[in-house]
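Below: the structure, in structure tokens.
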Amino acid sequence: MSDRPVSRLVGVPELLDRRARLSRRELLRSAALAAGASALLAACGGGSGSKSSSSSTAGASSQGQADSLRALAANLPQLSLLNAQSDLPVGRNRFTFGLSTSDNRLVQGGTPRLWFATDQTSKPLGPFEARFLQMDAYDKLKDKSPRSELSGFYVADVDLPAAGNWLAVAVIDANGQRAAGQGAIPVKDRVVAAVGSKAISGRTPVATSQADIAKICTREPPCSMHYISLDKALVSGKPTVISFATPLLCSSRMCGPVVDEQTLAFQKIGKDKANFIHLEIYPQRDINKPAPLFLEWGFQSEPWLIVIDRGGAIRGRLGEGPVVASEIETALTPLLP
């Protein structure tokens with residue numbers, strides 16, 4: 001898939017997070033992005049014969065009338081679409097992503113519209129409208145763990161009917177200016193922690209004093225979600241929210257912020273109504289010694305956040321990657337006793 005560069009930025013400069021100019025690896029690992037405004041990045045003179053966004057094809061794309069992904073992206077400045085997940089299950093799912101320029105600056109805000117197809121020329125599915133979510137728990141809770149420069153992300157509910165390698169185009173549009181981000185996402189019949197499957201039970205470390213919690217939690221300061229073991233939580237008659245995250249050693253630096261968002265939901269809902277557990281992936285602070293339960297669940301990345309009902313079935317697969325407290329609360333509320 002072509003990644004034509006955006007050679008010059010014009011218009012509203014605050015649409016780019018000028019603090020977050022990260023490596024390509026970091027962008028692909030974290031796929032979160034800087035907080036947003038309502039206008040749009042625009043560019044002109046892009047590579048490979050890029051033309052003005054006022055072309056008729058670009059106008060058709062904004063109306064959702066294009067017949068292919070190629071037509072949707074034609075004549076628009078090109079961005080990269082960075083999906084947070086390594087794969088998606090077949091059907092309706094939460095899709096999180098970011099948009100970046102050719103020099104790895106991150107687009108902020110706006111309401112991108114997504115289309116998907118298995119090739120560049122078939123009629124695409126869509127549009128699916130995305131929204132921007134701000135991750136602000138890290139600052140609210142005065143976390144001192146390593147943190148990504150990225151503080152927000154786009155999320156959309158998408159419905160992909162078959163397994164395969166799907167291509168995506170996101171068109172972001174405001175005030176008559178638009179650009180297109182292109183990316184890809186594998187869709188599979190079977191994924192780890194599938195919604196509707198049984199949660200894998202097991203013992204997780206429990207501690208209540210700050211000194212003991214610090215031995216099993218790499219967050220700085222340690223979080224308070226180590227008061228109950230997962231095996232006990234799953235038979236408690238209450239739903240459970242569990243994160244698999246390592247705030248100190250997280251390769252995406254997204255673990256601390258996700259644990260903080262979980263903590264905000266915990267503070268709002270309370271342990272009398274639901275169980276909240278943070279499983280530290282590397283309790284010995286050794287990346288060669290992950291927690292056995294992390295491996296048993298089949299995870300190969302971090303962070304993950306899972307919502308489980310009172311019967312032990314997975315009802316929310318909010319990992320892999322960024323999540324905010326409001327999403328956790330929305331997934332958990334229907335499950336409360």
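Chain labels follow the order of the structure tokens: the first chain is A, the next B, and so on; residue numbering restarts at 1 in every chain, and ligands are counted from 1 in their shown order.
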Skip Ser80 in chain A itself and residues of its chain fewer than 3 positions away, then list as a PDB file with N, CA, C and O atoms, in the first residue's frame all residues within 6 Å of it, counting only C-alpha atoms.
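New file part04.pdb:
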ATOM      1  N   LEU A  99      -3.196   8.430  13.352  1.00  0.00           N
ATOM      2  CA  LEU A  99      -2.821   8.918  12.030  1.00  0.00           C
ATOM      3  C   LEU A  99      -1.538   9.726  12.168  1.00  0.00           C
ATOM      4  O   LEU A  99      -1.418  10.557  13.068  1.00  0.00           O
ATOM      5  N   SER A 100      -0.580   9.468  11.283  1.00  0.00           N
ATOM      6  CA  SER A 100       0.675  10.206  11.357  1.00  0.00           C
ATOM      7  C   SER A 100       1.124  10.656   9.980  1.00  0.00           C
ATOM      8  O   SER A 100       0.773  10.060   8.961  1.00  0.00           O
ATOM      9  N   GLY A 181      -5.552   8.533   5.463  1.00  0.00           N
ATOM     10  CA  GLY A 181      -4.584   7.617   6.054  1.00  0.00           C
ATOM     11  C   GLY A 181      -4.873   6.205   5.598  1.00  0.00           C
ATOM     12  O   GLY A 181      -6.031   5.781   5.560  1.00  0.00           O
ATOM     13  N   GLN A 182      -3.834   5.470   5.258  1.00  0.00           N
ATOM     14  CA  GLN A 182      -4.005   4.108   4.778  1.00  0.00           C
ATOM     15  C   GLN A 182      -3.236   3.138   5.660  1.00  0.00           C
ATOM     16  O   GLN A 182      -2.129   3.440   6.120  1.00  0.00           O
TER      17      GLN A 182
END
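Within range 127-239 of chain A, residues classed as helix (DSSP H, G or I) by DSSP on backbone coordinates are Ala137, Tyr138, Asp139, Lys140, Gln210, Ala211, Asp212, Ile213, Ala214, Leu230, Asp231, Lys232 and Ala233 of chain A.
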Residues as selected, all heavy atoms, written as a CSV table (one decimal), in the first residue's frame, can you do that?
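Written out: out36.csv:
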chain,number,residue,atom,x,y,z
A,137,ALA,N,-6.0,10.2,32.7
A,137,ALA,CA,-5.9,9.7,34.1
A,137,ALA,C,-4.5,9.8,34.6
A,137,ALA,O,-4.2,9.9,35.8
A,137,ALA,CB,-6.4,8.2,34.1
A,138,TYR,N,-3.5,9.6,33.7
A,138,TYR,CA,-2.1,9.7,34.1
A,138,TYR,C,-1.8,11.0,34.9
A,138,TYR,O,-1.1,11.0,35.9
A,138,TYR,CB,-1.2,9.5,32.9
A,138,TYR,CG,0.3,9.5,33.2
A,138,TYR,CD1,1.0,8.3,33.3
A,138,TYR,CD2,1.0,10.6,33.3
A,138,TYR,CE1,2.3,8.2,33.5
A,138,TYR,CE2,2.4,10.6,33.6
A,138,TYR,CZ,3.1,9.4,33.7
A,138,TYR,OH,4.4,9.3,33.9
A,139,ASP,N,-2.3,12.1,34.3
A,139,ASP,CA,-2.0,13.4,35.0
A,139,ASP,C,-2.9,13.5,36.2
A,139,ASP,O,-2.4,14.0,37.3
A,139,ASP,CB,-2.3,14.5,34.0
A,139,ASP,CG,-1.3,14.5,32.9
A,139,ASP,OD1,-0.1,14.3,33.1
A,139,ASP,OD2,-1.7,14.8,31.7
A,140,LYS,N,-4.1,13.1,36.2
A,140,LYS,CA,-5.0,13.2,37.3
A,140,LYS,C,-4.5,12.5,38.5
A,140,LYS,O,-4.6,12.9,39.7
A,140,LYS,CB,-6.4,12.7,37.0
A,140,LYS,CG,-7.2,13.6,36.0
A,140,LYS,CD,-8.6,13.0,35.8
A,140,LYS,CE,-9.4,13.9,34.9
A,140,LYS,NZ,-10.7,13.3,34.6
A,210,GLN,N,1.4,-0.9,51.3
A,210,GLN,CA,2.2,-0.3,50.3
A,210,GLN,C,3.5,-1.0,50.0
A,210,GLN,O,4.0,-1.1,48.9
A,210,GLN,CB,2.4,1.2,50.6
A,210,GLN,CG,1.2,2.1,50.4
A,210,GLN,CD,0.8,2.1,48.9
A,210,GLN,OE1,-0.2,1.5,48.5
A,210,GLN,NE2,1.5,2.9,48.1
A,211,ALA,N,4.2,-1.4,51.1
A,211,ALA,CA,5.5,-2.1,50.9
A,211,ALA,C,5.3,-3.4,50.2
A,211,ALA,O,6.1,-3.7,49.3
A,211,ALA,CB,6.1,-2.3,52.3
A,212,ASP,N,4.3,-4.1,50.5
A,212,ASP,CA,4.1,-5.4,49.8
A,212,ASP,C,3.6,-5.2,48.4
A,212,ASP,O,4.0,-6.0,47.5
A,212,ASP,CB,3.1,-6.3,50.6
A,212,ASP,CG,3.6,-6.8,51.9
A,212,ASP,OD1,4.9,-6.9,52.0
A,212,ASP,OD2,2.9,-7.2,52.8
A,213,ILE,N,2.7,-4.2,48.2
A,213,ILE,CA,2.2,-4.0,46.8
A,213,ILE,C,3.4,-3.6,45.9
A,213,ILE,O,3.5,-4.0,44.7
A,213,ILE,CB,1.2,-2.9,46.8
A,213,ILE,CG1,-0.1,-3.3,47.5
A,213,ILE,CG2,0.8,-2.5,45.4
A,213,ILE,CD1,-1.1,-2.2,47.7
A,214,ALA,N,4.4,-2.8,46.4
A,214,ALA,CA,5.5,-2.4,45.7
A,214,ALA,C,6.3,-3.5,45.1
A,214,ALA,O,7.1,-3.4,44.2
A,214,ALA,CB,6.4,-1.4,46.5
A,230,LEU,N,-7.4,-13.3,41.0
A,230,LEU,CA,-8.3,-13.5,39.9
A,230,LEU,C,-9.2,-14.7,40.1
A,230,LEU,O,-10.4,-14.7,39.9
A,230,LEU,CB,-7.6,-13.6,38.6
A,230,LEU,CG,-8.5,-13.9,37.4
A,230,LEU,CD1,-9.5,-12.8,37.1
A,230,LEU,CD2,-7.7,-14.1,36.1
A,231,ASP,N,-8.6,-15.8,40.6
A,231,ASP,CA,-9.4,-17.0,40.8
A,231,ASP,C,-10.6,-16.8,41.9
A,231,ASP,O,-11.7,-17.3,41.7
A,231,ASP,CB,-8.6,-18.2,41.3
A,231,ASP,CG,-7.8,-18.0,42.5
A,231,ASP,OD1,-7.6,-16.8,42.9
A,231,ASP,OD2,-7.2,-19.0,43.1
A,232,LYS,N,-10.3,-16.0,42.9
A,232,LYS,CA,-11.3,-15.6,43.9
A,232,LYS,C,-12.3,-14.7,43.3
A,232,LYS,O,-13.5,-14.7,43.5
A,232,LYS,CB,-10.7,-15.0,45.1
A,232,LYS,CG,-9.7,-15.9,45.8
A,232,LYS,CD,-10.5,-17.1,46.5
A,232,LYS,CE,-9.5,-18.0,47.3
A,232,LYS,NZ,-8.7,-17.3,48.3
A,233,ALA,N,-11.8,-13.7,42.5
A,233,ALA,CA,-12.7,-12.8,41.8
A,233,ALA,C,-13.8,-13.4,40.9
A,233,ALA,O,-14.9,-13.0,40.9
A,233,ALA,CB,-11.9,-11.7,41.0
Selected residue, from A:Gln177, A:Asn93, A:Ser251, A:Ser243, that lies nearest to Pro161 in chain A when counting only C-alpha atoms: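 Comparing A:Gln177, A:Asn93, A:Ser251, A:Ser243 against Pro161 in chain A, the winner is A:Asn93.
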All residues 12 Å or closer to Pro222 in chain A, only C-alpha atoms, same chain fewer than 3 positions away omitted, as a compact mmCIF listing (two decimals) with N, CA and C atoms, in the first residue's frame:
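Final output, saved to selection39.txt:
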# COMPACT_ATOMS: atom_id res chain seq x y z
N LEU A 141 -3.85 11.30 38.29
CA LEU A 141 -3.38 10.45 39.39
C LEU A 141 -1.91 10.67 39.73
N LYS A 142 -1.28 11.63 39.03
CA LYS A 142 0.12 11.99 39.31
C LYS A 142 1.04 10.76 39.22
N ASP A 143 0.84 10.00 38.17
CA ASP A 143 1.66 8.82 37.92
C ASP A 143 3.09 9.25 37.60
N LYS A 144 4.06 8.49 38.08
CA LYS A 144 5.46 8.75 37.78
C LYS A 144 6.08 7.62 36.95
N SER A 145 5.25 6.68 36.48
CA SER A 145 5.74 5.60 35.64
C SER A 145 6.11 6.15 34.26
N ALA A 207 -1.70 -8.27 47.65
CA ALA A 207 -1.00 -7.50 48.69
C ALA A 207 -1.88 -6.32 49.06
N THR A 208 -1.74 -5.86 50.29
CA THR A 208 -2.56 -4.73 50.75
C THR A 208 -1.72 -3.58 51.29
N SER A 209 -0.58 -3.86 51.90
CA SER A 209 0.26 -2.76 52.39
C SER A 209 1.07 -2.19 51.24
N GLN A 210 1.43 -0.91 51.34
CA GLN A 210 2.18 -0.27 50.27
C GLN A 210 3.52 -0.97 50.03
N ALA A 211 4.17 -1.41 51.09
CA ALA A 211 5.46 -2.06 50.94
C ALA A 211 5.32 -3.38 50.18
N ASP A 212 4.27 -4.14 50.49
CA ASP A 212 4.07 -5.42 49.81
C ASP A 212 3.59 -5.22 48.38
N ILE A 213 2.71 -4.23 48.16
CA ILE A 213 2.24 -3.96 46.79
C ILE A 213 3.41 -3.58 45.90
N ALA A 214 4.36 -2.80 46.44
CA ALA A 214 5.50 -2.35 45.65
C ALA A 214 6.34 -3.52 45.15
N LYS A 215 6.23 -4.66 45.81
CA LYS A 215 6.99 -5.84 45.39
C LYS A 215 6.37 -6.54 44.19
N ILE A 216 5.07 -6.26 43.92
CA ILE A 216 4.38 -6.98 42.84
C ILE A 216 3.78 -6.05 41.79
N CYS A 217 4.04 -4.75 41.92
CA CYS A 217 3.48 -3.76 40.99
C CYS A 217 4.58 -2.78 40.60
N THR A 218 4.81 -2.62 39.29
CA THR A 218 5.89 -1.73 38.85
C THR A 218 5.44 -0.30 38.63
N ARG A 219 4.15 -0.01 38.86
CA ARG A 219 3.72 1.38 38.77
C ARG A 219 4.38 2.20 39.87
N MET A 225 -4.89 -2.04 43.01
CA MET A 225 -5.74 -3.09 42.44
C MET A 225 -5.09 -4.47 42.54
N HIS A 226 -4.59 -4.77 43.75
CA HIS A 226 -3.96 -6.07 44.01
C HIS A 226 -4.55 -6.72 45.25
N THR A 246 2.50 -3.68 32.44
CA THR A 246 3.74 -3.49 33.17
C THR A 246 4.18 -2.03 33.05
N PRO A 247 3.72 -1.17 33.96
CA PRO A 247 4.00 0.26 33.83
C PRO A 247 5.48 0.61 33.70
N LEU A 248 6.37 -0.12 34.36
CA LEU A 248 7.79 0.21 34.32
C LEU A 248 8.48 -0.27 33.04
N GLY A 256 1.24 2.22 31.87
CA GLY A 256 0.93 3.11 32.99
C GLY A 256 -0.36 3.88 32.77
N VAL A 259 -3.42 1.49 33.12
CA VAL A 259 -3.69 1.15 34.52
C VAL A 259 -4.31 2.34 35.23
N ASP A 260 -3.89 3.55 34.90
CA ASP A 260 -4.48 4.75 35.50
C ASP A 260 -5.94 4.91 35.09
N THR A 263 -7.84 2.60 37.07
CA THR A 263 -7.94 3.08 38.44
C THR A 263 -9.05 4.11 38.59
N HIS A 278 -5.04 -5.49 38.66
CA HIS A 278 -3.91 -5.24 37.77
C HIS A 278 -2.93 -6.40 37.94
N LEU A 279 -2.72 -7.17 36.88
CA LEU A 279 -1.72 -8.22 36.90
C LEU A 279 -0.43 -7.66 36.29
N GLU A 280 0.58 -7.50 37.12
CA GLU A 280 1.89 -7.06 36.65
C GLU A 280 2.51 -8.16 35.79
N PRO A 283 6.50 -9.31 37.43
CA PRO A 283 6.56 -9.02 38.87
C PRO A 283 7.97 -9.06 39.44
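For the choices A:Leu133, A:Ala170, A:Ala84, A:Leu293, the atom-to-atom distance to Glu327 in chain A is smallest for A:Leu133 when using only C-alpha atoms.
Among the candidates A:Ser151, A:Ser122, A:Ser236, A:Ser229, the residue lying nearest to Ile277 in chain A is A:Ser229 (atoms considered: only C-alpha atoms).
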Nearest candidate to Arg285 in chain A (options A:Pro186, A:Val307, A:Cys250, A:Asn104; using only C-alpha atoms):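 Of A:Pro186, A:Val307, A:Cys250, A:Asn104, the one nearest Arg285 in chain A, counting only C-alpha atoms, is A:Cys250.
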Who sits within 8 Å of Asp119 in chain A, only C-alpha atoms, same chain under 3 positions skipped, as JSON, numbers by chain: {"A": [69, 122, 166, 167]}
What would the file look like if the residues just selected were written as an mmCIF file, in the first residue's frame with all heavy atoms?
data_model
loop_
_atom_site.group_PDB
_atom_site.id
_atom_site.type_symbol
_atom_site.label_atom_id
_atom_site.label_comp_id
_atom_site.auth_asym_id
_atom_site.auth_seq_id
_atom_site.Cartn_x
_atom_site.Cartn_y
_atom_site.Cartn_z
ATOM 1 N N LEU A 69 -11.184 1.802 -2.292
ATOM 2 C CA LEU A 69 -10.235 2.477 -1.414
ATOM 3 C C LEU A 69 -9.300 3.374 -2.210
ATOM 4 O O LEU A 69 -8.933 4.467 -1.764
ATOM 5 C CB LEU A 69 -9.423 1.444 -0.627
ATOM 6 C CG LEU A 69 -10.184 0.548 0.347
ATOM 7 C CD1 LEU A 69 -9.208 -0.362 1.089
ATOM 8 C CD2 LEU A 69 -11.011 1.355 1.339
ATOM 9 N N SER A 122 -11.995 -3.093 -4.939
ATOM 10 C CA SER A 122 -13.364 -3.523 -4.646
ATOM 11 C C SER A 122 -14.144 -2.419 -3.940
ATOM 12 O O SER A 122 -13.562 -1.517 -3.325
ATOM 13 C CB SER A 122 -13.352 -4.770 -3.760
ATOM 14 O OG SER A 122 -12.687 -5.830 -4.394
ATOM 15 N N TRP A 166 -7.346 -7.229 5.739
ATOM 16 C CA TRP A 166 -8.179 -6.116 5.296
ATOM 17 C C TRP A 166 -7.342 -4.846 5.199
ATOM 18 O O TRP A 166 -6.459 -4.595 6.025
ATOM 19 C CB TRP A 166 -9.340 -5.907 6.264
ATOM 20 C CG TRP A 166 -10.398 -6.960 6.145
ATOM 21 C CD1 TRP A 166 -10.347 -8.237 6.635
ATOM 22 C CD2 TRP A 166 -11.664 -6.826 5.490
ATOM 23 N NE1 TRP A 166 -11.504 -8.910 6.323
ATOM 24 C CE2 TRP A 166 -12.336 -8.072 5.623
ATOM 25 C CE3 TRP A 166 -12.294 -5.784 4.821
ATOM 26 C CZ2 TRP A 166 -13.599 -8.290 5.103
ATOM 27 C CZ3 TRP A 166 -13.570 -6.008 4.303
ATOM 28 C CH2 TRP A 166 -14.211 -7.238 4.439
ATOM 29 N N LEU A 167 -7.654 -4.047 4.211
ATOM 30 C CA LEU A 167 -7.048 -2.736 4.041
ATOM 31 C C LEU A 167 -8.027 -1.680 4.529
ATOM 32 O O LEU A 167 -9.242 -1.863 4.441
ATOM 33 C CB LEU A 167 -6.712 -2.489 2.578
ATOM 34 C CG LEU A 167 -5.868 -3.557 1.881
ATOM 35 C CD1 LEU A 167 -5.643 -3.184 0.418
ATOM 36 C CD2 LEU A 167 -4.542 -3.768 2.595
#
Two-atom distance - CA of Trp115 in chain A, CA of Ala156 in chain A (Å):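 One can read the CA of Trp115 in chain A to CA of Ala156 in chain A distance as 11.0 Å.
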6 Å contact set for range 95-97 of chain A, only C-alpha atoms, chain neighbours under 5 positions out, as an MDAnalysis selection string: chainID A and resid 31 82:84 154:156
Any chance you could export the current selection's all heavy atoms as a PDB file, in the first residue's frame?
ATOM      1  N   ALA A  31       0.149   3.199  18.956  1.00  0.00           N
ATOM      2  CA  ALA A  31      -1.009   3.617  18.168  1.00  0.00           C
ATOM      3  C   ALA A  31      -1.982   4.478  18.963  1.00  0.00           C
ATOM      4  O   ALA A  31      -3.185   4.340  18.874  1.00  0.00           O
ATOM      5  CB  ALA A  31      -1.722   2.408  17.590  1.00  0.00           C
ATOM      6  N   LEU A  82      -2.210   3.939  11.755  1.00  0.00           N
ATOM      7  CA  LEU A  82      -1.488   3.078  12.681  1.00  0.00           C
ATOM      8  C   LEU A  82      -2.475   2.387  13.608  1.00  0.00           C
ATOM      9  O   LEU A  82      -2.998   2.993  14.540  1.00  0.00           O
ATOM     10  CB  LEU A  82      -0.501   3.919  13.494  1.00  0.00           C
ATOM     11  CG  LEU A  82       0.407   4.834  12.653  1.00  0.00           C
ATOM     12  CD1 LEU A  82       1.121   5.833  13.534  1.00  0.00           C
ATOM     13  CD2 LEU A  82       1.388   4.020  11.849  1.00  0.00           C
ATOM     14  N   ASN A  83      -2.760   1.128  13.336  1.00  0.00           N
ATOM     15  CA  ASN A  83      -3.731   0.435  14.170  1.00  0.00           C
ATOM     16  C   ASN A  83      -3.077  -0.088  15.445  1.00  0.00           C
ATOM     17  O   ASN A  83      -1.935  -0.554  15.444  1.00  0.00           O
ATOM     18  CB  ASN A  83      -4.401  -0.715  13.409  1.00  0.00           C
ATOM     19  CG  ASN A  83      -3.423  -1.675  12.793  1.00  0.00           C
ATOM     20  OD1 ASN A  83      -2.788  -1.346  11.804  1.00  0.00           O
ATOM     21  ND2 ASN A  83      -3.274  -2.850  13.372  1.00  0.00           N
ATOM     22  N   ALA A  84      -3.823  -0.025  16.559  1.00  0.00           N
ATOM     23  CA  ALA A  84      -3.290  -0.428  17.853  1.00  0.00           C
ATOM     24  C   ALA A  84      -3.295  -1.938  18.039  1.00  0.00           C
ATOM     25  O   ALA A  84      -2.541  -2.459  18.843  1.00  0.00           O
ATOM     26  CB  ALA A  84      -4.109   0.223  18.974  1.00  0.00           C
ATOM     27  N   TYR A 154      -7.943   7.472  18.328  1.00  0.00           N
ATOM     28  CA  TYR A 154      -9.224   7.353  17.637  1.00  0.00           C
ATOM     29  C   TYR A 154      -9.794   5.958  17.875  1.00  0.00           C
ATOM     30  O   TYR A 154      -9.058   4.973  17.926  1.00  0.00           O
ATOM     31  CB  TYR A 154      -9.055   7.568  16.133  1.00  0.00           C
ATOM     32  CG  TYR A 154      -8.649   8.960  15.741  1.00  0.00           C
ATOM     33  CD1 TYR A 154      -7.366   9.220  15.269  1.00  0.00           C
ATOM     34  CD2 TYR A 154      -9.544  10.018  15.823  1.00  0.00           C
ATOM     35  CE1 TYR A 154      -6.985  10.500  14.896  1.00  0.00           C
ATOM     36  CE2 TYR A 154      -9.174  11.304  15.454  1.00  0.00           C
ATOM     37  CZ  TYR A 154      -7.891  11.538  14.994  1.00  0.00           C
ATOM     38  OH  TYR A 154      -7.526  12.810  14.638  1.00  0.00           O
ATOM     39  N   VAL A 155     -11.115   5.884  17.995  1.00  0.00           N
ATOM     40  CA  VAL A 155     -11.787   4.588  18.150  1.00  0.00           C
ATOM     41  C   VAL A 155     -13.051   4.590  17.299  1.00  0.00           C
ATOM     42  O   VAL A 155     -13.741   5.612  17.191  1.00  0.00           O
ATOM     43  CB  VAL A 155     -12.124   4.291  19.630  1.00  0.00           C
ATOM     44  CG1 VAL A 155     -13.074   5.329  20.220  1.00  0.00           C
ATOM     45  CG2 VAL A 155     -12.695   2.898  19.792  1.00  0.00           C
ATOM     46  N   ALA A 156     -13.329   3.452  16.686  1.00  0.00           N
ATOM     47  CA  ALA A 156     -14.540   3.293  15.877  1.00  0.00           C
ATOM     48  C   ALA A 156     -15.080   1.890  16.071  1.00  0.00           C
ATOM     49  O   ALA A 156     -14.321   0.937  16.293  1.00  0.00           O
ATOM     50  CB  ALA A 156     -14.238   3.532  14.400  1.00  0.00           C
TER      51      ALA A 156
END
For Asn275 in chain A, the nearest of the candidates A:Gln78, A:Ser301, A:Asn165, A:Thr240, counting only C-alpha atoms: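 Residue with the minimum atom-to-atom distance to Asn275 in chain A: A:Thr240.
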Proximity to Ile242 in chain A - best of A:Glu149, A:Glu261, A:Glu129, A:Glu220, only C-alpha atoms: A:Glu261
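Between CA of Pro337 in chain A and CA of Gly237 in chain A there is a distance of 8.2 Å.
Taking CA of Leu81 in chain A and CA of Leu305 in chain A as endpoints, the distance between them is 22.6 Å.
All residues of protein, DNA or RNA that reach within 7 Å of Trp304 in chain A, judged by only C-alpha atoms and not counting those fewer than 2 positions away in the chain, are Ser243, Phe244, Ala245, Glu302, Ile306, Gly319, Glu320 and Gly321 of chain A.
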Kindly export the residues of the current selection with C-alpha atoms, as a PDB file, in the first residue's frame.
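In the end it all went to again-v3.pdb:
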ATOM      1  CA  SER A 243      -5.460  -5.399  33.140  1.00  0.00           C
ATOM      2  CA  PHE A 244      -2.314  -7.188  32.018  1.00  0.00           C
ATOM      3  CA  ALA A 245       0.218  -4.388  32.102  1.00  0.00           C
ATOM      4  CA  GLU A 302       0.850  -5.208  26.222  1.00  0.00           C
ATOM      5  CA  ILE A 306     -10.508  -7.410  29.821  1.00  0.00           C
ATOM      6  CA  GLY A 319      -7.123  -4.333  24.961  1.00  0.00           C
ATOM      7  CA  GLU A 320      -4.795  -4.480  23.164  1.00  0.00           C
ATOM      8  CA  GLY A 321      -3.516  -0.966  23.541  1.00  0.00           C
TER       9      GLY A 321
END
Residue set, range 62-278 of chain A restricted to strand (DSSP E or B), as JSON, numbers by chain: {"A": [78, 79, 80, 81, 82, 83, 88, 89, 91, 92, 93, 94, 95, 96, 97, 98, 99, 100, 105, 106, 107, 113, 114, 115, 116, 117, 125, 126, 127, 128, 129, 131, 132, 133, 134, 152, 153, 154, 155, 156, 157, 158, 159, 160, 164, 165, 166, 167, 168, 169, 170, 171, 172, 173, 174, 177, 178, 179, 180, 181, 182, 183, 184, 185, 186, 187, 188, 198, 240, 241, 242, 243, 244, 245, 275, 276, 277, 278]}
